[in-house]
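S.K.: Dropping in coords25.cif, which is mmCIF, C-alpha atoms:
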```
data_work
loop_
_atom_site.label_atom_id
_atom_site.label_comp_id
_atom_site.auth_asym_id
_atom_site.auth_seq_id
_atom_site.Cartn_x
_atom_site.Cartn_y
_atom_site.Cartn_z
CA MET A 1 6.00 8.35 -123.99
CA ALA A 2 2.75 6.78 -125.20
CA LEU A 3 0.90 9.93 -124.11
CA PHE A 4 3.32 12.18 -125.97
CA ARG A 5 3.09 10.06 -129.12
CA ALA A 6 -0.69 10.10 -128.89
CA ILE A 7 -0.74 13.90 -128.56
CA GLU A 8 1.50 14.28 -131.61
CA SER A 9 -0.75 11.96 -133.58
CA THR A 10 -3.77 14.25 -133.11
CA LYS A 11 -2.10 16.97 -135.20
CA PRO A 12 -2.95 17.37 -138.90
CA ALA A 13 -0.79 15.25 -141.19
CA GLU A 14 1.10 18.27 -142.48
CA GLU A 15 2.08 19.38 -138.96
CA ARG A 16 2.99 16.20 -137.10
CA LEU A 17 6.40 14.54 -137.12
CA PHE A 18 4.93 11.03 -137.04
CA HIS A 19 1.64 9.20 -136.61
CA ASP A 20 1.11 6.50 -133.99
CA PRO A 21 -2.47 5.20 -134.18
CA TYR A 22 -1.84 2.71 -131.35
CA ALA A 23 -0.34 4.86 -128.58
CA ALA A 24 -3.66 5.95 -127.07
CA ALA A 25 -4.69 2.32 -126.53
CA PHE A 26 -2.14 2.00 -123.71
CA LEU A 27 -3.44 5.02 -121.80
CA SER A 28 -5.89 5.22 -118.91
CA GLY A 29 -9.43 6.38 -119.52
CA TYR A 30 -8.56 9.81 -118.11
CA HIS A 31 -5.63 10.25 -120.50
CA GLN A 32 -7.66 8.96 -123.43
CA THR A 33 -10.17 11.72 -122.67
CA LEU A 34 -7.33 14.25 -122.81
CA ILE A 35 -6.26 12.84 -126.18
CA SER A 36 -9.81 13.23 -127.51
CA GLY A 37 -9.66 16.88 -126.48
CA CYS A 38 -6.35 17.31 -128.29
CA ARG A 39 -8.16 17.16 -131.60
CA VAL A 40 -9.05 20.78 -130.81
CA PRO A 41 -5.86 22.78 -131.53
CA PHE A 42 -6.38 25.23 -128.65
CA PHE A 43 -6.79 22.42 -126.12
CA ARG A 44 -3.74 20.61 -127.50
CA LYS A 45 -1.62 23.74 -127.14
CA MET A 46 -2.86 24.31 -123.59
CA LEU A 47 -2.02 20.73 -122.63
CA ALA A 48 1.46 21.04 -124.17
CA ALA A 49 1.99 24.29 -122.24
CA TYR A 50 0.93 22.58 -119.00
CA ILE A 51 3.34 19.70 -119.60
CA GLN A 52 6.16 22.17 -120.30
CA LEU A 53 5.39 24.01 -117.06
CA ARG A 54 5.33 20.85 -114.96
CA TRP A 55 8.07 18.84 -116.69
CA PRO A 56 10.22 21.23 -118.77
CA GLY A 57 11.37 19.91 -122.12
CA THR A 58 10.01 16.38 -121.78
CA HIS A 59 7.29 16.68 -124.42
CA THR A 60 9.25 18.36 -127.22
CA ALA A 61 12.34 16.23 -126.53
CA ALA A 62 10.31 13.03 -126.61
CA ILE A 63 8.68 13.92 -129.93
CA ALA A 64 11.95 14.89 -131.63
CA ARG A 65 13.75 11.88 -130.16
CA THR A 66 11.04 9.50 -131.36
CA LYS A 67 11.28 10.94 -134.87
CA LEU A 68 15.09 10.75 -134.78
CA ILE A 69 15.07 7.08 -133.83
CA ASP A 70 12.30 6.36 -136.36
CA ASP A 71 14.50 7.84 -139.07
CA MET A 72 17.55 5.93 -137.84
CA VAL A 73 15.64 2.65 -137.99
CA VAL A 74 14.24 3.32 -141.47
CA GLN A 75 17.65 4.40 -142.76
CA ALA A 76 19.31 1.31 -141.27
CA VAL A 77 16.86 -0.94 -143.12
CA ARG A 78 16.82 0.90 -146.43
CA GLU A 79 20.48 1.89 -146.72
CA ASP A 80 22.46 -0.42 -144.42
CA ASP A 81 20.57 -3.66 -145.16
CA ILE A 82 19.47 -4.19 -141.56
CA ASN A 83 16.83 -6.93 -141.61
CA GLN A 84 16.36 -7.70 -137.90
CA ILE A 85 15.52 -5.17 -135.19
CA ILE A 86 15.71 -6.21 -131.53
CA ILE A 87 14.02 -3.75 -129.17
CA LEU A 88 15.06 -4.13 -125.53
CA SER A 89 12.66 -3.04 -122.76
CA ALA A 90 10.19 -2.37 -125.55
CA THR A 91 7.27 -1.39 -123.24
CA PHE A 92 4.75 0.36 -125.53
CA ASP A 93 7.01 0.86 -128.56
CA THR A 94 4.94 0.44 -131.73
CA ARG A 95 7.59 0.82 -134.45
CA ALA A 96 7.03 -2.74 -135.65
CA HIS A 97 3.48 -1.79 -136.59
CA ARG A 98 3.68 1.85 -137.67
CA LEU A 99 6.98 2.30 -139.54
CA ASP A 100 7.08 1.87 -143.30
CA VAL A 101 10.61 0.58 -143.74
CA GLY A 102 10.07 -0.46 -147.35
CA LYS A 103 11.77 -3.86 -147.03
CA PRO A 104 11.09 -7.18 -145.31
CA VAL A 105 12.34 -6.99 -141.73
CA SER A 106 11.84 -9.01 -138.56
CA PHE A 107 11.18 -7.35 -135.20
CA VAL A 108 11.96 -8.86 -131.80
CA GLU A 109 10.65 -7.21 -128.64
CA VAL A 110 12.26 -8.08 -125.31
CA ASP A 111 10.43 -7.14 -122.11
CA HIS A 112 8.87 -8.30 -118.86
CA PRO A 113 6.09 -10.87 -119.50
CA ASP A 114 3.46 -8.80 -117.62
CA THR A 115 4.17 -5.77 -119.80
CA GLN A 116 4.06 -7.87 -122.94
CA HIS A 117 0.75 -9.46 -121.95
CA PHE A 118 -0.88 -6.06 -121.40
CA LYS A 119 0.58 -4.67 -124.62
CA GLN A 120 -0.50 -7.64 -126.73
CA SER A 121 -4.03 -7.60 -125.31
CA ARG A 122 -4.44 -3.93 -126.29
CA LEU A 123 -2.83 -4.30 -129.72
CA TRP A 124 -4.85 -7.37 -130.65
CA GLU A 125 -7.99 -5.28 -130.25
CA LEU A 126 -6.67 -2.99 -132.99
CA ILE A 127 -4.52 -5.25 -135.19
CA LYS A 128 -6.21 -8.49 -136.22
CA SER A 129 -3.56 -9.58 -138.72
CA PRO A 130 -0.08 -8.11 -138.10
CA ALA A 131 1.64 -7.07 -141.33
CA VAL A 132 5.14 -7.70 -139.98
CA HIS A 133 6.96 -10.60 -138.39
CA LEU A 134 7.20 -9.89 -134.67
CA ASP A 135 8.59 -12.16 -131.94
CA TYR A 136 8.23 -11.55 -128.22
CA VAL A 137 11.01 -12.60 -125.85
CA LYS A 138 10.23 -12.56 -122.14
CA LEU A 139 12.89 -11.08 -119.86
CA ASP A 140 12.74 -10.34 -116.13
CA MET A 141 15.77 -8.09 -115.65
CA ASN A 142 15.83 -8.86 -111.91
CA GLN A 143 16.54 -12.52 -112.62
CA GLN A 144 17.79 -12.96 -116.21
CA TYR A 145 20.08 -11.51 -118.86
CA LEU A 146 19.41 -11.12 -122.56
CA ALA A 147 21.87 -13.84 -123.56
CA ASP A 148 20.10 -16.25 -121.19
CA VAL A 149 16.64 -15.87 -122.70
CA ILE A 150 17.16 -15.06 -126.36
CA SER A 151 16.04 -17.98 -128.45
CA PRO A 152 18.74 -20.22 -129.93
CA TYR A 153 17.10 -19.45 -133.27
CA PHE A 154 18.16 -15.81 -133.04
CA VAL A 155 21.68 -16.81 -132.04
CA GLN A 156 21.94 -19.20 -134.98
CA GLN A 157 20.57 -16.57 -137.35
CA ARG A 158 22.90 -13.76 -136.24
CA HIS A 159 25.37 -14.53 -139.05
CA TYR A 160 22.58 -14.48 -141.64
CA ASN A 161 20.67 -11.46 -140.37
CA LYS A 162 22.05 -7.95 -140.01
CA THR A 163 20.78 -6.67 -136.69
CA LEU A 164 19.99 -3.36 -135.03
CA PHE A 165 19.54 -3.28 -131.24
CA LEU A 166 17.41 -0.48 -129.78
CA TRP A 167 17.32 0.32 -126.06
CA GLU A 168 15.60 3.49 -124.92
CA ASN A 169 16.17 4.63 -121.31
CA LEU A 170 19.49 3.34 -120.00
CA THR A 171 19.02 5.13 -116.67
CA THR A 172 19.75 2.75 -113.76
CA HIS A 173 22.67 0.67 -112.51
CA LEU A 174 20.56 -2.47 -113.00
CA GLU A 175 20.06 -1.53 -116.64
CA ALA A 176 23.78 -0.70 -116.90
CA ARG A 177 24.68 -4.23 -115.81
CA HIS A 178 22.34 -5.56 -118.47
CA ALA A 179 23.90 -3.18 -120.98
CA GLU A 180 27.36 -4.62 -120.28
CA ALA A 181 25.99 -8.11 -120.78
CA MET A 182 24.29 -6.91 -123.96
CA PHE A 183 27.49 -5.44 -125.39
CA GLY A 184 29.27 -8.70 -124.58
CA PHE A 185 26.51 -10.61 -126.36
CA ILE A 186 26.68 -8.30 -129.38
CA ARG A 187 30.42 -8.93 -129.81
CA SER A 188 29.52 -12.31 -131.30
CA PHE A 189 27.50 -10.62 -134.07
CA PRO A 190 29.01 -9.63 -137.43
CA PRO A 191 30.61 -6.21 -138.06
CA GLY A 192 28.01 -3.62 -139.01
CA THR A 193 25.59 -4.64 -136.25
CA GLN A 194 24.06 -1.40 -134.95
CA VAL A 195 23.06 -0.24 -131.47
CA ILE A 196 20.89 2.75 -130.55
CA VAL A 197 20.78 3.68 -126.86
CA THR A 198 19.29 6.66 -125.01
CA TYR A 199 20.86 7.82 -121.76
CA PRO A 200 21.06 10.81 -119.38
CA ASP A 201 24.20 12.91 -119.09
CA LYS A 202 25.65 11.84 -115.73
CA ALA A 203 26.12 15.53 -114.84
CA VAL A 204 22.37 15.86 -114.28
CA LEU A 205 22.59 13.23 -111.54
CA GLU A 206 25.65 14.84 -109.94
CA ASN A 207 24.30 18.43 -110.05
CA PRO A 208 20.52 18.16 -110.54
CA HIS A 209 19.73 21.75 -109.56
CA GLN A 210 21.86 23.10 -112.41
CA PHE A 211 19.46 21.66 -114.99
CA ARG A 212 16.13 23.30 -115.69
CA GLY A 213 13.24 21.39 -114.19
CA PHE A 214 15.10 18.17 -113.47
CA SER A 215 14.36 18.11 -109.72
CA ARG A 216 10.62 18.18 -110.46
CA ILE A 217 10.98 15.60 -113.23
CA ASN A 218 13.06 13.37 -110.97
CA SER A 219 10.43 13.52 -108.24
CA THR A 220 7.77 12.47 -110.74
CA LEU A 221 9.94 9.61 -111.96
CA ARG A 222 10.52 8.38 -108.41
CA ARG A 223 6.79 8.39 -107.67
CA ALA A 224 6.31 6.31 -110.82
CA GLY A 225 8.96 3.82 -109.65
CA GLU A 226 11.68 5.02 -112.03
CA ASN A 227 14.78 5.82 -110.02
CA TRP A 228 17.46 7.30 -112.28
CA ASP A 229 20.84 6.55 -110.75
CA TYR A 230 23.01 5.97 -113.83
CA GLY A 231 24.29 8.17 -116.60
CA LEU A 232 27.19 8.51 -119.03
CA ASP A 233 29.59 11.36 -119.72
CA PRO A 234 29.01 12.45 -123.34
CA ARG A 235 32.57 13.77 -123.45
CA ASN A 236 33.77 10.17 -123.07
CA ILE A 237 31.11 8.40 -125.13
CA THR A 238 33.45 7.71 -128.06
CA ALA A 239 35.99 6.05 -125.74
CA PHE A 240 33.20 4.22 -123.89
CA MET A 241 31.92 2.68 -127.12
CA HIS A 242 35.43 2.02 -128.43
CA GLU A 243 36.10 -0.14 -125.36
CA ARG A 244 33.07 -2.18 -126.38
CA ASN A 245 34.32 -2.56 -129.96
CA MET A 246 31.82 0.01 -131.26
CA ILE A 247 32.19 3.10 -133.45
CA VAL A 248 29.96 6.08 -132.61
CA ARG A 249 27.92 7.26 -135.60
CA TYR A 250 25.74 9.79 -133.75
CA ASP A 251 25.55 11.33 -130.29
CA GLY A 252 23.41 14.29 -129.28
CA GLY A 253 21.13 15.73 -126.62
CA ALA A 254 17.65 17.18 -126.91
CA ASP A 255 18.96 20.57 -128.01
CA LYS A 256 20.52 18.89 -131.05
CA TYR A 257 17.66 16.65 -132.14
CA ARG A 258 15.00 19.28 -131.43
CA GLN A 259 16.86 21.68 -133.70
CA GLN A 260 16.98 18.97 -136.37
CA TYR A 261 13.19 18.50 -136.42
CA PHE A 262 11.72 21.75 -135.11
CA GLY A 263 14.20 24.15 -136.71
CA GLU A 264 13.90 27.76 -135.52
CA LYS A 265 11.09 26.85 -133.13
CA SER A 266 13.59 24.81 -131.12
CA ARG A 267 15.27 28.00 -129.89
CA LYS A 268 12.33 28.48 -127.52
CA MET A 269 12.26 24.86 -126.38
CA LYS A 270 14.08 24.54 -123.08
CA GLY A 271 14.69 21.65 -120.71
CA TYR A 272 15.70 18.00 -121.00
CA GLU A 273 18.87 18.85 -122.94
CA TYR A 274 20.66 16.26 -120.78
CA PHE A 275 18.80 13.30 -122.32
CA ARG A 276 20.83 11.94 -125.22
CA VAL A 277 20.81 9.45 -128.10
CA VAL A 278 23.87 7.53 -129.20
CA LYS A 279 24.04 5.30 -132.27
CA SER A 280 26.99 2.94 -132.63
CA GLU A 281 28.16 0.29 -135.03
CA LEU A 282 30.12 -2.88 -134.29
CA LYS A 283 33.61 -2.83 -135.79
#
```
So that I can check it, write out the structure of this file as structure tokens.
M.R.:
Amino acid sequence: MALFRAIESTKPAEERLFHDPYAAAFLSGYHQTLISGCRVPFFRKMLAAYIQLRWPGTHTAAIARTKLIDDMVVQAVREDDINQIIILSATFDTRAHRLDVGKPVSFVEVDHPDTQHFKQSRLWELIKSPAVHLDYVKLDMNQQYLADVISPYFVQQRHYNKTLFLWENLTTHLEARHAEAMFGFIRSFPPGTQVIVTYPDKAVLENPHQFRGFSRINSTLRRAGENWDYGLDPRNITAFMHERNMIVRYDGGADKYRQQYFGEKSRKMKGYEYFRVVKSELK
């Protein structure tokens, strides 16, 4: 995801969907060299074509999905009076530093301490004085749950702050157990609390060969230590969220959000349609 955001950020301002000046800092030297080459339009197009060939749909879906969630976050702050954003498994998310939400807002990033240490060390080289309030909460998902580690301060403030939870990549049974604990934790928040989650359509796990390029993508994920073994049925997502006292405000796969941001060009963008975004609101 950091690589894809960095590629998008090399485009001219009038062409790109967003700008992330920090994404390249998390990449290896080899990938940073590729990003330097992407400032040449021909090279950037060749790299995008290579990614599409190897991992169909991942690049265009990731860019459109990032922009979609960016817009959801900004809208939540500006129109729904959200003033606290809690990002779960934040990894190299940089929204706290790059989004112009137009209002005072606090960010909380929850992640493994090793990931946070690496991320902070890279960001501090670029950002000497952060312009936003950002708290880091350490969470080892193999040993702890969100409700166990979240500071009592955040719990006490939940009735004064209006909160949005963001969790990208709900893809494993371990994460699903944490999601259930998260939804239970969120029930104690006021109505209007928002949740944005990304997830794979469970059909891609049941019939992987019926989805363009997924077998190759899945092999790459496994080599990287990401073993997708959990998905949701989008046909039942409204009922799923209703059981957790949530109302669905948006649900769509890559075909939907690519069309939203790429327009007619999206007709030629194939692959990764099974990866979805759902936005819900606490009743």
S.K.: Mind pulling up the distance from CA of Asp148 (chain A) to CA of Ala179 (chain A)?
M.R.: 13.6 Å
S.K.: Please expand the PyMOL selection byres ((chain A and resi 238) around 10) into the concrete residues it hits in this file, giving the result as JSON, numbers by chain.
M.R.: {"A": [233, 234, 235, 236, 237, 239, 240, 241, 242, 243, 246, 247, 248, 249, 250, 251, 278, 280]}
S.K.: Report as a list in words the residues that result from applying the PyMOL selection byres ((chain A and resi 256-270) around 7) to the structure here.
M.R.: Pro56, Gly57, Ala61, Ala64, Arg65, Leu68, Gly252, Gly253, Ala254, Asp255 and Gly271 of chain A
S.K.: Give me the residues near Ala6 (chain A) as a PyMOL selection string, where near means some atom within 9 Å (using all atoms listed in the file) and where sequence neighbours in that chain fewer than 4 positions away do not count.
M.R.: chain A and resi 1-2+10+19-24+32+35
S.K.: What residues have an atom no more than 9 Å from (19.9, 0.6, -120.0) in the file's own frame, counting only C-alpha atoms, and can you write them as an MDAnalysis selection string?
M.R.: chainID A and resid 88:89 167:179 197:199 230
S.K.: Running the PyMOL selection byres ((chain A and resi 165) around 7) on this model by hand, what would come out? Give it as a list in words.
M.R.: Ile85, Ile86, Ile87, Thr163, Leu164, Leu166, Trp167, Gln194, Val195 and Ile196 of chain A
S.K.: Gln144 (chain A): which residues within 12 Å, counting all atoms listed in the file, same-chain residues fewer than 3 positions away excluded, as a PyMOL selection string?
M.R.: chain A and resi 110-112+137-141+147-150+174-175+177-178+181-182
S.K.: I'd like the interatomic distance between CA of Ile82 (chain A) and CA of Lys162 (chain A), to a tenth of an Å.
M.R.: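 Atom-to-atom, CA of Ile82 (chain A) and CA of Lys162 (chain A) are spaced 4.8 Å apart.
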S.K.: Between CA of Gln157 (chain A) and CA of Glu281 (chain A), what is the distance, to one decimal in Å?
M.R.: 18.6 Å
S.K.: Quick one: everything within 12 Å of Arg95 (chain A), counting only C-alpha atoms, minus sequence neighbours fewer than 4 positions away in the same chain. Send it as a PyMOL selection string.
M.R.: chain A and resi 5+18-23+66-67+69-74+85-87+90-91+99-101+105-109+132+134+166
S.K.: For Lys45 (chain A), please output as a short mmCIF file (atom, residue, chain, number, x, y, z; two decimals) with C-alpha atoms, keeping the file's coordinate frame all residues within 12 Å (counting only C-alpha atoms; exclusion window: fewer than 4 positions along the same chain).
M.R.:
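Output file out.cif is given in full below:
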```cif
data_model
loop_
_atom_site.label_atom_id
_atom_site.label_comp_id
_atom_site.auth_asym_id
_atom_site.auth_seq_id
_atom_site.Cartn_x
_atom_site.Cartn_y
_atom_site.Cartn_z
CA ILE A 7 -0.74 13.90 -128.56
CA GLU A 8 1.50 14.28 -131.61
CA THR A 10 -3.77 14.25 -133.11
CA LYS A 11 -2.10 16.97 -135.20
CA LEU A 34 -7.33 14.25 -122.81
CA ILE A 35 -6.26 12.84 -126.18
CA GLY A 37 -9.66 16.88 -126.48
CA CYS A 38 -6.35 17.31 -128.29
CA ARG A 39 -8.16 17.16 -131.60
CA VAL A 40 -9.05 20.78 -130.81
CA PRO A 41 -5.86 22.78 -131.53
CA ALA A 49 1.99 24.29 -122.24
CA TYR A 50 0.93 22.58 -119.00
CA ILE A 51 3.34 19.70 -119.60
CA GLN A 52 6.16 22.17 -120.30
CA HIS A 59 7.29 16.68 -124.42
#
```
S.K.: Using only C-alpha atoms for the distances, tell me which of A:Trp55, A:Tyr274, A:Trp124, A:Phe92 is nearest to Lys202 (chain A).
M.R.: A:Tyr274
